[in-house]
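K.L.:
Sharing structure_34.csv here; it has CSV, C-alpha atoms and all ligand atoms.
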```csv
chain,number,residue,atom,x,y,z
R,1,MET,CA,-1.4,-144.6,134.9
R,2,LYS,CA,1.7,-142.7,134.9
R,3,THR,CA,3.5,-142.2,131.7
R,4,GLY,CA,6.5,-140.4,130.4
R,5,MET,CA,9.2,-139.2,132.7
R,6,ASP,CA,7.2,-138.2,135.8
R,7,ALA,CA,8.1,-141.4,137.6
R,8,PRO,CA,9.2,-144.1,138.4
R,9,PHE,CA,12.5,-143.0,136.8
R,10,LYS,CA,15.2,-141.2,138.8
R,11,ASP,CA,16.7,-138.0,137.5
R,12,ALA,CA,19.7,-139.7,135.9
R,13,GLU,CA,17.5,-142.1,134.1
R,14,ASN,CA,15.2,-139.3,133.0
R,15,ALA,CA,18.1,-137.4,131.6
R,16,ALA,CA,19.4,-140.5,129.7
R,17,LEU,CA,15.9,-141.3,128.4
R,18,PHE,CA,15.5,-137.7,127.3
R,19,GLN,CA,18.8,-138.0,125.3
R,20,VAL,CA,17.7,-141.2,123.7
R,21,LEU,CA,14.4,-139.7,122.8
R,22,ILE,CA,15.7,-136.7,121.1
R,23,ASN,CA,18.6,-138.4,119.4
R,24,THR,CA,16.6,-141.3,118.0
R,25,ALA,CA,13.3,-139.6,117.1
R,26,VAL,CA,12.8,-139.9,113.3
R,27,ASP,CA,11.0,-136.6,113.2
R,28,GLY,CA,12.6,-133.3,113.9
R,29,ILE,CA,12.0,-131.8,117.4
R,30,ILE,CA,12.6,-128.2,118.1
R,31,VAL,CA,11.9,-126.2,121.2
R,32,ILE,CA,11.7,-122.4,121.0
R,33,ASP,CA,11.2,-119.7,123.7
R,34,ALA,CA,8.5,-117.0,123.7
R,35,VAL,CA,10.5,-114.8,121.4
R,36,GLY,CA,11.3,-117.5,118.9
R,37,ASN,CA,14.8,-118.4,119.9
R,38,VAL,CA,15.8,-122.1,119.5
R,39,ARG,CA,16.5,-123.9,122.8
R,40,LEU,CA,16.5,-127.5,121.6
R,41,TYR,CA,17.3,-128.9,118.2
R,42,ASN,CA,17.5,-132.7,117.8
R,43,LYS,CA,19.5,-135.0,115.6
R,44,ALA,CA,16.7,-135.5,113.0
R,45,CYS,CA,16.7,-131.7,112.5
R,46,GLU,CA,20.4,-131.8,111.5
R,47,ARG,CA,19.4,-134.2,108.7
R,48,LEU,CA,16.4,-132.1,107.7
R,49,PHE,CA,17.9,-128.6,107.8
R,50,GLY,CA,21.7,-129.3,107.3
R,51,TYR,CA,22.7,-127.1,110.3
R,52,VAL,CA,24.6,-128.5,113.3
R,53,PRO,CA,23.1,-127.5,116.7
R,54,GLU,CA,25.7,-124.8,117.4
R,55,GLU,CA,24.6,-122.9,114.3
R,56,VAL,CA,21.0,-122.8,115.4
R,57,LEU,CA,20.8,-122.9,119.2
R,58,GLY,CA,20.0,-119.4,120.6
R,59,ARG,CA,19.1,-118.0,117.2
R,60,ASN,CA,15.7,-117.2,115.9
R,61,ILE,CA,13.7,-120.1,114.5
R,62,LYS,CA,12.9,-118.1,111.4
R,63,MET,CA,16.3,-119.0,110.0
R,64,LEU,CA,14.8,-122.4,109.2
R,65,MET,CA,12.0,-120.9,107.1
R,66,PRO,CA,12.0,-119.6,103.6
R,67,SER,CA,10.6,-116.2,102.6
R,68,PRO,CA,8.0,-114.9,103.0
R,69,TYR,CA,7.3,-116.9,106.2
R,70,ARG,CA,10.6,-115.9,107.6
R,71,GLU,CA,9.6,-112.3,107.6
R,72,GLN,CA,6.1,-113.0,109.0
R,73,HIS,CA,7.1,-115.2,111.9
R,74,ASP,CA,7.8,-112.6,114.5
R,75,GLY,CA,4.4,-111.1,113.7
R,76,TYR,CA,2.7,-114.5,114.3
R,77,ILE,CA,4.3,-114.9,117.8
R,78,ASP,CA,3.4,-111.3,118.7
R,79,ALA,CA,-0.2,-111.8,117.6
R,80,TYR,CA,-0.5,-115.0,119.6
R,81,ARG,CA,1.0,-113.3,122.7
R,82,THR,CA,-1.4,-110.4,122.5
R,83,THR,CA,-4.6,-111.9,121.1
R,84,GLY,CA,-4.2,-115.6,121.8
R,85,GLU,CA,-5.2,-116.3,118.1
R,86,ARG,CA,-3.9,-119.7,117.1
R,87,LYS,CA,-2.7,-120.2,113.6
R,88,ILE,CA,-0.7,-123.4,114.1
R,89,ILE,CA,-0.3,-123.9,117.9
R,90,GLY,CA,-2.1,-127.0,119.0
R,91,ILE,CA,-3.2,-127.7,115.4
R,92,GLY,CA,-0.3,-128.4,113.1
R,93,ARG,CA,-0.2,-128.0,109.3
R,94,GLU,CA,1.9,-128.3,106.2
R,95,VAL,CA,4.6,-125.7,105.8
R,96,LEU,CA,7.9,-125.3,104.1
R,97,GLY,CA,11.3,-125.6,105.7
R,98,GLN,CA,14.5,-124.3,104.3
R,99,ASN,CA,17.8,-126.2,104.3
R,100,LYS,CA,21.1,-124.6,104.9
R,101,ASP,CA,21.9,-125.0,101.2
R,102,GLY,CA,18.9,-122.8,100.4
R,103,SER,CA,16.6,-125.6,99.1
R,104,THR,CA,13.1,-125.9,100.6
R,105,PHE,CA,11.2,-129.0,101.5
R,106,PRO,CA,7.6,-129.6,102.6
R,107,MET,CA,7.0,-130.7,106.1
R,108,TYR,CA,4.1,-131.3,108.5
R,109,LEU,CA,4.7,-129.1,111.6
R,110,SER,CA,2.7,-129.6,114.8
R,111,VAL,CA,3.3,-127.2,117.6
R,112,GLY,CA,2.5,-127.7,121.3
R,113,GLU,CA,2.7,-125.0,123.9
R,114,GLY,CA,4.3,-125.7,127.3
R,115,ARG,CA,6.0,-124.1,130.3
R,116,LEU,CA,9.6,-124.4,131.4
R,117,GLU,CA,10.2,-122.8,134.8
R,118,ASN,CA,7.5,-120.3,134.3
R,119,GLU,CA,8.7,-119.4,130.9
R,120,ARG,CA,6.4,-120.1,127.9
R,121,ILE,CA,7.9,-122.5,125.4
R,122,PHE,CA,6.8,-124.0,122.1
R,123,VAL,CA,7.6,-127.6,121.0
R,124,GLY,CA,7.6,-128.2,117.3
R,125,ILE,CA,7.5,-131.7,115.8
R,126,ILE,CA,8.6,-131.8,112.2
R,127,HIS,CA,7.7,-134.6,109.8
R,128,ASP,CA,9.3,-134.5,106.4
R,129,ILE,CA,6.7,-135.1,103.7
R,130,THR,CA,8.9,-134.7,100.6
R,131,GLU,CA,8.2,-138.3,99.5
R,132,ARG,CA,4.5,-137.9,99.7
R,133,HIS,CA,4.7,-134.6,97.7
R,134,ASN,CA,6.8,-136.2,95.0
R,135,ALA,CA,4.4,-139.1,94.7
R,136,ALA,CA,1.5,-136.7,94.4
R,137,SER,CA,3.2,-134.7,91.7
R,138,ARG,CA,4.3,-137.8,89.9
R,139,LEU,CA,0.7,-139.0,90.0
R,140,GLN,CA,-0.4,-135.7,88.5
R,141,GLU,CA,2.1,-136.1,85.7
R,142,VAL,CA,0.9,-139.6,85.0
R,143,GLN,CA,-2.7,-138.4,84.9
R,144,SER,CA,-1.9,-135.7,82.4
R,145,GLU,CA,0.0,-138.2,80.3
R,146,LEU,CA,-2.9,-140.6,80.4
R,147,ALA,CA,-5.2,-137.8,79.4
R,148,HIS,CA,-2.9,-137.2,76.4
R,149,VAL,CA,-3.0,-140.9,75.5
R,150,SER,CA,-6.7,-141.0,75.6
R,151,ARG,CA,-6.8,-137.8,73.4
R,152,LEU,CA,-4.5,-139.6,70.9
R,153,ASN,CA,-6.8,-142.5,71.0
R,154,GLU,CA,-9.8,-140.3,70.2
R,155,MET,CA,-7.8,-138.8,67.4
R,156,GLY,CA,-7.1,-142.3,66.1
R,157,GLN,CA,-10.8,-143.1,66.1
R,158,MET,CA,-11.5,-139.8,64.2
R,159,THR,CA,-8.8,-140.5,61.7
R,160,SER,CA,-10.3,-143.9,61.1
R,161,ALA,CA,-13.8,-142.5,60.6
R,162,LEU,CA,-12.4,-139.8,58.3
R,163,ALA,CA,-10.5,-142.3,56.2
R,164,HIS,CA,-13.7,-144.3,55.9
R,165,GLU,CA,-15.7,-141.2,54.8
R,166,LEU,CA,-13.0,-140.2,52.3
R,167,ASN,CA,-12.9,-143.6,50.6
R,168,GLN,CA,-16.3,-143.2,49.1
R,169,PRO,CA,-15.7,-139.9,47.2
R,170,LEU,CA,-12.3,-141.2,46.1
R,171,THR,CA,-14.0,-144.3,44.7
R,172,ALA,CA,-16.5,-142.1,43.0
R,173,ILE,CA,-13.8,-139.9,41.5
R,174,MET,CA,-12.1,-143.0,40.2
R,175,ASN,CA,-15.3,-144.3,38.6
R,176,TYR,CA,-16.0,-140.9,36.9
R,177,LEU,CA,-12.5,-140.7,35.6
R,178,ARG,CA,-12.7,-144.2,34.1
R,179,ALA,CA,-16.1,-143.5,32.6
R,180,ALA,CA,-14.7,-140.2,31.1
R,181,GLN,CA,-11.7,-142.1,29.7
R,182,ARG,CA,-14.0,-144.7,28.1
R,183,THR,CA,-16.2,-141.9,26.6
R,184,VAL,CA,-13.3,-140.4,24.7
R,185,THR,CA,-11.3,-143.6,24.1
R,186,ALA,CA,-11.9,-143.7,20.3
R,187,LEU,CA,-11.2,-140.0,19.7
R,188,ASP,CA,-7.7,-139.1,18.4
R,189,ASP,CA,-8.0,-135.3,18.4
R,190,PRO,CA,-4.7,-134.0,19.9
R,191,ALA,CA,-6.6,-132.1,22.6
R,192,VAL,CA,-8.5,-135.2,23.6
R,193,VAL,CA,-5.3,-137.2,23.7
R,194,ARG,CA,-3.8,-134.7,26.1
R,195,ALA,CA,-7.0,-134.7,28.2
R,196,ARG,CA,-6.7,-138.5,28.4
R,197,GLU,CA,-3.2,-138.3,29.6
R,198,MET,CA,-4.3,-135.8,32.3
R,199,MET,CA,-7.1,-138.2,33.3
R,200,ASP,CA,-4.5,-140.9,33.6
R,201,LYS,CA,-2.5,-138.7,35.9
R,202,ALA,CA,-5.6,-137.8,37.9
R,203,ALA,CA,-6.4,-141.5,38.3
R,204,GLY,CA,-2.8,-142.2,39.5
R,205,GLN,CA,-3.1,-139.5,42.1
R,206,THR,CA,-6.5,-140.8,43.3
R,207,THR,CA,-5.0,-144.2,43.7
R,208,ARG,CA,-2.2,-142.6,45.7
R,209,ALA,CA,-4.6,-140.8,48.0
R,210,GLY,CA,-6.5,-144.0,48.6
R,211,GLU,CA,-3.2,-145.8,49.5
R,212,ILE,CA,-2.3,-143.1,52.0
R,213,ILE,CA,-5.7,-143.3,53.6
R,214,ARG,CA,-5.5,-147.1,53.7
R,215,ARG,CA,-2.1,-146.9,55.4
R,216,LEU,CA,-3.3,-144.3,57.9
R,217,ARG,CA,-6.2,-146.6,58.8
R,218,ASP,CA,-3.9,-149.6,59.2
R,219,PHE,CA,-1.9,-147.4,61.6
R,220,VAL,CA,-4.6,-146.1,63.9
R,221,GLU,CA,-7.0,-149.1,64.0
R,222,LYS,CA,-6.7,-151.6,66.8
R,223,ARG,CA,-5.9,-155.0,65.4
R,224,ASP,CA,-4.4,-158.3,66.3
R,225,ALA,CA,-0.8,-158.9,65.5
R,226,ARG,CA,-0.3,-160.6,62.1
R,227,HIS,CA,3.0,-162.1,61.3
R,228,ALA,CA,4.0,-162.8,57.7
R,229,HIS,CA,7.2,-162.9,55.6
R,230,GLU,CA,7.7,-159.4,54.6
R,231,ASP,CA,10.1,-157.4,52.5
R,232,VAL,CA,11.9,-155.1,54.9
R,233,ASN,CA,12.8,-152.4,52.3
R,234,LYS,CA,9.2,-152.2,51.1
R,235,THR,CA,7.9,-152.1,54.7
R,236,ILE,CA,10.2,-149.2,55.5
R,237,GLU,CA,9.5,-147.3,52.3
R,238,GLU,CA,5.8,-147.4,53.0
R,239,ALA,CA,6.3,-146.1,56.5
R,240,ILE,CA,8.7,-143.4,55.5
R,241,SER,CA,6.2,-141.8,53.1
R,242,LEU,CA,3.9,-141.2,56.1
R,243,ALA,CA,6.7,-140.3,58.5
R,244,LEU,CA,8.2,-137.7,56.2
R,245,VAL,CA,5.0,-135.7,55.8
R,246,GLY,CA,6.1,-132.1,56.2
R,247,ALA,CA,9.8,-133.0,56.1
R,248,SER,CA,10.5,-131.4,52.7
R,249,ASP,CA,9.3,-128.1,54.1
R,250,ALA,CA,11.9,-128.5,56.9
R,251,ASN,CA,14.7,-128.8,54.3
R,252,ILE,CA,15.7,-132.3,55.4
R,253,GLY,CA,17.7,-134.3,52.9
R,254,VAL,CA,16.8,-138.0,53.0
R,255,THR,CA,19.1,-140.6,51.5
R,256,LEU,CA,17.9,-144.2,51.2
R,257,ASN,CA,20.7,-146.7,51.0
R,258,PHE,CA,18.9,-150.0,50.7
R,259,ASP,CA,20.4,-153.4,50.1
R,260,ARG,CA,17.8,-154.9,47.7
R,261,SER,CA,19.1,-158.5,48.2
R,262,ILE,CA,18.2,-158.9,51.8
R,263,PRO,CA,16.0,-161.9,52.7
R,264,PRO,CA,12.4,-161.5,54.0
R,265,VAL,CA,11.7,-161.2,57.7
R,266,LEU,CA,8.9,-162.8,59.6
R,267,MET,CA,7.2,-159.8,61.2
R,268,ASP,CA,4.0,-157.9,61.9
R,269,ARG,CA,4.4,-155.3,59.1
R,270,ILE,CA,2.3,-152.6,60.8
R,271,GLN,CA,4.2,-152.9,64.1
R,272,ILE,CA,7.6,-152.6,62.4
R,273,GLN,CA,6.2,-149.6,60.4
R,274,GLN,CA,5.3,-148.0,63.7
R,275,VAL,CA,8.9,-148.4,64.8
R,276,VAL,CA,10.1,-146.8,61.6
R,277,LEU,CA,7.6,-144.0,61.9
R,278,ASN,CA,8.8,-143.2,65.5
R,279,LEU,CA,12.5,-143.3,64.6
R,280,VAL,CA,12.0,-141.1,61.6
R,281,ARG,CA,9.7,-138.6,63.4
R,282,ASN,CA,12.3,-138.4,66.2
R,283,ALA,CA,15.1,-137.8,63.7
R,284,VAL,CA,13.0,-135.1,61.9
R,285,GLU,CA,12.3,-133.4,65.2
R,286,ALA,CA,16.0,-133.5,66.3
R,287,LEU,CA,17.0,-132.1,62.9
R,288,GLN,CA,14.9,-129.0,63.5
R,289,GLU,CA,17.6,-127.9,66.0
R,290,VAL,CA,20.5,-127.9,63.5
R,291,SER,CA,21.3,-126.3,60.2
R,292,VAL,CA,22.7,-129.3,58.3
R,293,ARG,CA,19.7,-131.6,58.1
R,294,GLU,CA,20.5,-135.1,56.7
R,295,LEU,CA,18.8,-138.4,57.4
R,296,THR,CA,20.3,-141.6,56.0
R,297,ILE,CA,18.3,-144.8,56.1
R,298,LYS,CA,20.3,-147.9,55.4
R,299,THR,CA,19.3,-151.6,55.3
R,300,GLY,CA,21.5,-154.7,55.0
R,301,LEU,CA,22.2,-158.2,56.1
R,302,GLU,CA,24.7,-158.9,58.8
R,303,GLU,CA,26.9,-162.0,58.8
R,304,ASN,CA,25.0,-163.4,61.9
R,305,GLY,CA,21.9,-163.6,59.9
R,306,TYR,CA,20.2,-160.5,61.1
R,307,VAL,CA,18.7,-157.9,58.8
R,308,TYR,CA,19.3,-154.4,60.0
R,309,ALA,CA,17.8,-151.0,59.3
R,310,SER,CA,19.7,-147.9,60.5
R,311,PHE,CA,18.5,-144.3,60.8
R,312,SER,CA,21.3,-141.9,61.0
R,313,ASP,CA,20.7,-138.2,61.6
R,314,THR,CA,23.0,-135.1,61.7
R,315,GLY,CA,21.0,-133.8,64.7
R,316,PRO,CA,22.3,-132.5,68.0
R,317,GLY,CA,22.8,-136.0,69.5
R,318,LEU,CA,21.1,-137.5,72.5
R,319,PRO,CA,20.8,-135.2,75.5
R,320,ASP,CA,22.9,-136.4,78.4
R,321,GLU,CA,19.9,-136.6,80.8
R,322,VAL,CA,18.1,-139.1,78.6
R,323,ALA,CA,21.0,-141.1,77.1
R,324,SER,CA,21.2,-143.7,79.8
R,325,ARG,CA,17.4,-144.1,80.2
R,326,LEU,CA,16.4,-143.7,76.5
R,327,PHE,CA,14.2,-146.8,76.3
R,328,GLN,CA,12.4,-146.3,79.5
R,329,PRO,CA,8.9,-145.0,79.4
R,330,PHE,CA,8.1,-141.3,80.1
R,331,VAL,CA,11.6,-140.2,79.4
R,332,THR,CA,11.4,-137.1,77.2
R,333,THR,CA,13.1,-133.7,76.7
R,334,LYS,CA,10.2,-132.4,74.6
R,335,GLU,CA,7.7,-130.0,75.9
R,336,LYS,CA,4.8,-131.9,74.3
R,337,GLY,CA,6.6,-135.3,74.3
R,338,MET,CA,5.3,-138.3,76.1
R,339,GLY,CA,8.5,-140.2,76.1
R,340,ILE,CA,6.9,-143.5,75.3
R,341,GLY,CA,7.9,-143.7,71.6
R,342,LEU,CA,11.2,-145.4,72.1
R,343,SER,CA,10.1,-147.7,74.8
R,344,ILE,CA,7.3,-149.0,72.6
R,345,CYS,CA,9.8,-149.4,69.7
R,346,GLN,CA,12.0,-151.4,71.9
R,347,SER,CA,9.3,-153.8,73.0
R,348,ILE,CA,8.1,-154.3,69.4
R,349,VAL,CA,11.6,-155.0,68.2
R,350,ASN,CA,12.3,-157.3,71.2
R,351,GLY,CA,9.0,-159.0,70.6
R,352,HIS,CA,10.3,-159.9,67.1
R,353,GLY,CA,13.4,-161.5,68.5
R,354,GLY,CA,15.4,-158.4,67.5
R,355,LEU,CA,17.4,-155.6,69.1
R,356,LEU,CA,17.1,-151.8,69.0
R,357,SER,CA,20.1,-149.7,69.7
R,358,ALA,CA,21.2,-146.0,69.7
R,359,THR,CA,24.7,-144.9,69.1
R,360,PRO,CA,26.2,-141.4,68.8
R,361,ASN,CA,27.8,-140.7,65.3
R,362,GLU,CA,31.4,-139.7,65.2
R,363,SER,CA,30.5,-136.6,63.3
R,364,GLY,CA,27.6,-135.7,65.6
R,365,GLY,CA,24.0,-136.8,65.5
R,366,THR,CA,22.6,-140.2,66.4
R,367,THR,CA,22.1,-143.6,64.7
R,368,PHE,CA,19.2,-145.7,65.7
R,369,CYS,CA,19.4,-149.3,64.4
R,370,PHE,CA,17.0,-152.2,64.7
R,371,ARG,CA,18.0,-155.8,63.9
R,372,LEU,CA,15.6,-158.6,63.1
R,373,PRO,CA,16.4,-162.2,62.5
R,374,ALA,CA,16.2,-163.0,58.8
R,375,MET,CA,14.0,-165.8,57.5
R,376,ASP,CA,16.7,-168.3,56.8
R,377,ALA,CA,18.8,-167.4,59.8
R,401,LIG,P1,9.3,-138.4,72.8
R,401,LIG,O1,9.6,-138.3,71.4
R,401,LIG,O2,7.9,-138.3,73.1
R,401,LIG,O3,10.1,-137.5,73.7
R,401,LIG,P2,10.8,-140.9,72.7
R,401,LIG,O4,10.8,-142.1,73.6
R,401,LIG,O5,10.5,-141.2,71.2
R,401,LIG,O6,9.7,-139.9,73.3
R,401,LIG,O7,12.2,-140.2,72.8
R,401,LIG,C1,12.7,-139.9,74.1
R,401,LIG,C2,13.8,-138.8,74.0
R,401,LIG,O8,14.9,-139.3,73.3
R,401,LIG,C3,13.4,-137.5,73.3
R,401,LIG,O9,12.6,-136.6,74.1
R,401,LIG,C4,14.7,-137.0,72.8
R,401,LIG,O10,15.3,-136.2,73.9
R,401,LIG,C5,15.6,-138.2,72.6
R,401,LIG,N1,15.7,-138.6,71.2
R,401,LIG,C6,15.0,-139.5,70.5
R,401,LIG,N2,15.5,-139.6,69.3
R,401,LIG,C7,16.5,-138.7,69.1
R,401,LIG,C8,17.3,-138.3,68.0
R,401,LIG,N3,17.2,-138.9,66.8
R,401,LIG,N4,18.2,-137.3,68.3
R,401,LIG,C9,18.3,-136.7,69.5
R,401,LIG,N5,17.6,-137.1,70.6
R,401,LIG,C10,16.6,-138.0,70.4
```
What does the file become when written as structure tokens?
Ligand code: ADP
P.N.:
Amino acid sequence: MKTGMDAPFKDAENAALFQVLINTAVDGIIVIDAVGNVRLYNKACERLFGYVPEEVLGRNIKMLMPSPYREQHDGYIDAYRTTGERKIIGIGREVLGQNKDGSTFPMYLSVGEGRLENERIFVGIIHDITERHNAASRLQEVQSELAHVSRLNEMGQMTSALAHELNQPLTAIMNYLRAAQRTVTALDDPAVVRAREMMDKAAGQTTRAGEIIRRLRDFVEKRDARHAHEDVNKTIEEAISLALVGASDANIGVTLNFDRSIPPVLMDRIQIQQVVLNLVRNAVEALQEVSVRELTIKTGLEENGYVYASFSDTGPGLPDEVASRLFQPFVTTKEKGMGIGLSICQSIVNGHGGLLSATPNESGGTTFCFRLPAMDA
């Protein structure tokens, strides 16, 4: 069977077909001569390389390659001419192309060898594989993010086990303290009275340590959602104590401006505390970048029946590149960030029938605010 342009077409038809072929091919087609000068450069190449044909025709193909391939290309052609060694001819492989604007892109290049009126020519077909490369590198990113998530998950399990282990010695300390207090309860020697006071303080601190551990376990353990009528201020206060671990070393001034008269809210306390934890940790991290480090947390009731909690920092404000996509997953400017904190916060708040927002402060910094429907709204 005859194919292509041998026959049955006439010369004029052949020429027209040839034009259609090179103008409509999605892949780039380039023909070079034996020394590497470009003889044909189709429409798709204009899109890929940014040059118009006049800028390329008659010039050496290496102008479309980035260094160091550009410098090596003459050598390849010479080596093939003298030794017949094929690096790419008849085979094809992935290489880099260089656009007129200096940017490079990955492409699959296959090269065929032919003859044109006794002259040796090479025909290159260029397939742009930028998309495939982007998808591959995105996949790699997602994989490393998943590895991070599973590491966090392991840490959660370890924290849970550790909390369990620590509970026993804490209970024992508490029992010893109570027994010691009972032993000296009838004595009124001033030294014993002082010792009793100190034991009281020790018992208080032990209770506090137990509370922190209980809260930590609540946070890391997997559990079903539990909705109850909760006091927003108390819920926030509890979460803040965890979230501000290390904040005093960072010289951050925290102001609590709570409206104590707000009505209870139907919520999953642990989930809302996770939101608070995220917002406060983000603020603490943002404040590391500035010298005036203030965080103001406010609660109140809006006229529309929503209870709000706002977290206002004097940090550098939202970076432009994230501002419009803030609540989308995997948006981060932090080297070790995962960019999922705010997206999780938003779905938790929305799941409670509420809203999460971020607004720039007039005097710099950012205010995050969540609103939840109050019980009697
Ligand atoms: P991560 O903290 O892992 O980056 P988040 O979803 O919590 O993920 O935050 C996304 C991005 O939003 C952060 O990387 C940061 O650039 C920005 N951001 C969040 N909170 C603040 C804030 N209080 N001030 C400035 N930028 C913030």
K.L.:
Taking 6 positions as the minimum chain separation for residues in the same chain, which residues sit within 12 Å of Gln72 in chain R when counting all atoms listed in the file? Answer as number ranges by chain.
P.N.:
R: 61-63, 65-66, 78-79
K.L.:
Pick out the closest residue to ligand LIG 401 (chain R) from this set: R:Thr207, R:Asn251, R:Ser324, R:Thr333. Count only C-alpha atoms and all ligand atoms.
P.N.:
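Nearest to ligand LIG 401 (chain R): R:Thr333.
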K.L.:
Hey, which of R:Ser357, R:Thr159, R:Thr332, R:Thr83 ends up closest to ligand LIG 401 (chain R)? Count only C-alpha atoms and all ligand atoms.
P.N.:
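Closest to ligand LIG 401 (chain R), using only C-alpha atoms and all ligand atoms: R:Thr332.
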K.L.:
Pick the closest to ligand LIG 401 (chain R) from R:Ile297, R:Leu356, R:Ile340, R:Ile262: which is it, counting only C-alpha atoms and all ligand atoms?
P.N.:
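Closest to ligand LIG 401 (chain R) of all the choices is R:Ile340.
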K.L.:
Ligand LIG 401 (chain R): which residues are within 7 Å, counting all atoms listed in the file, as a list in words?
P.N.:
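Going residue by residue within 7 Å of ligand LIG 401 (chain R), we get Asn278, Leu279, Asn282, Ala283, Ala286, Asp313, Gly315, Pro316, Gly317, Leu318, Pro319, Val322, Leu326, Phe327, Pro329, Val331, Thr332, Thr333, Lys334, Gly337, Met338, Gly339, Ile340, Gly341, Leu342, Ser343, Gly365 and Thr366 of chain R.
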K.L.:
When you look at range 41-51 of chain R with a cut-off of 8 Å (counting only C-alpha atoms), what residues show up, excluding the ones that are within fewer than 3 positions of it in the same chain? I need them as a list of chain:residue names.
P.N.:
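So the residues in contact are R:Ile22, R:Asn23, R:Thr24, R:Ala25, R:Val26, R:Asp27, R:Gly28, R:Ile29, R:Ile30, R:Val31, R:Val38, R:Glu55, R:Val56, R:Leu57, R:Leu64, R:Gly97, R:Gln98, R:Asn99, R:Lys100, R:Asp101, R:Asp128.
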K.L.:
Using only C-alpha atoms, collect all residues at a distance of at most 9 Å from (6.6, -164.4, 52.5) as written in the file, then present them as a short mmCIF file (atom, residue, chain, number, x, y, z; two decimals) with C-alpha atoms, in the coordinates of the input.
P.N.:
```cif
data_model
loop_
_atom_site.label_atom_id
_atom_site.label_comp_id
_atom_site.auth_asym_id
_atom_site.auth_seq_id
_atom_site.Cartn_x
_atom_site.Cartn_y
_atom_site.Cartn_z
CA ALA R 228 4.00 -162.80 57.70
CA HIS R 229 7.20 -162.90 55.60
CA GLU R 230 7.70 -159.40 54.60
CA ASP R 231 10.10 -157.40 52.50
CA PRO R 264 12.40 -161.50 54.00
CA VAL R 265 11.70 -161.20 57.70
CA LEU R 266 8.90 -162.80 59.60
#
```
K.L.:
From the set R:Asp268, R:Glu289, R:Glu237, R:Asp224, which residue has the shortest atom-to-atom contact distance to Ile252 in chain R, counting only C-alpha atoms?
P.N.:
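Selected residue with least distance to Ile252 in chain R: R:Glu289.
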K.L.:
State, in Å with one decimal place, the distance from CA of Gln273 in chain R to CA of Arg215 in chain R.
P.N.:
10.1 Å
K.L.:
Of the residues R:Leu216, R:Glu285, R:Ser312, R:His73, which is the one nearest to Lys336 in chain R, using only C-alpha atoms?
P.N.:
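Looking at the shortest contact to Lys336 in chain R, the residue is R:Glu285.
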K.L.:
Which residue gives the smallest distance to Met155 in chain R among R:Ala180, R:Val220, R:Ala135, R:Ile91, with only C-alpha atoms counted?
P.N.:
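The closest residue to Met155 in chain R is R:Val220.
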K.L.:
Could you give me, as a list in words, the residues within 9 Å of Met199 in chain R, counting only C-alpha atoms and dropping anything in the same chain fewer than 6 positions from it?
P.N.:
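My reading of the contact set: Leu177, Arg178, Ala180 and Gln181 of chain R.
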K.L.:
What lies within 10 Å of Lys87 in chain R using all atoms listed in the file, ignoring chain neighbours under 6 positions off, as a ChimeraX atom specification?
P.N.:
/R:76-77,79-80,93
K.L.:
Please measure the separation of CA of Thr299 in chain R and CA of Arg260 in chain R, giving the value in Å to one decimal.
P.N.:
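CA of Arg260 in chain R lies at a distance of 8.4 Å from CA of Thr299 in chain R.
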K.L.:
Have a look at CA of Leu287 in chain R and CA of Ile236 in chain R and let me know their distance in Å, one decimal.
P.N.:
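If I compute the distance from CA of Leu287 in chain R to CA of Ile236 in chain R, I get 19.8 Å.
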K.L.:
Could you give me, as a PyMOL selection string, the residues within 8 Å of Ile129 in chain R, counting only C-alpha atoms and dropping anything in the same chain fewer than 2 positions from it?
P.N.:
chain R and resi 105-108+127+131-133
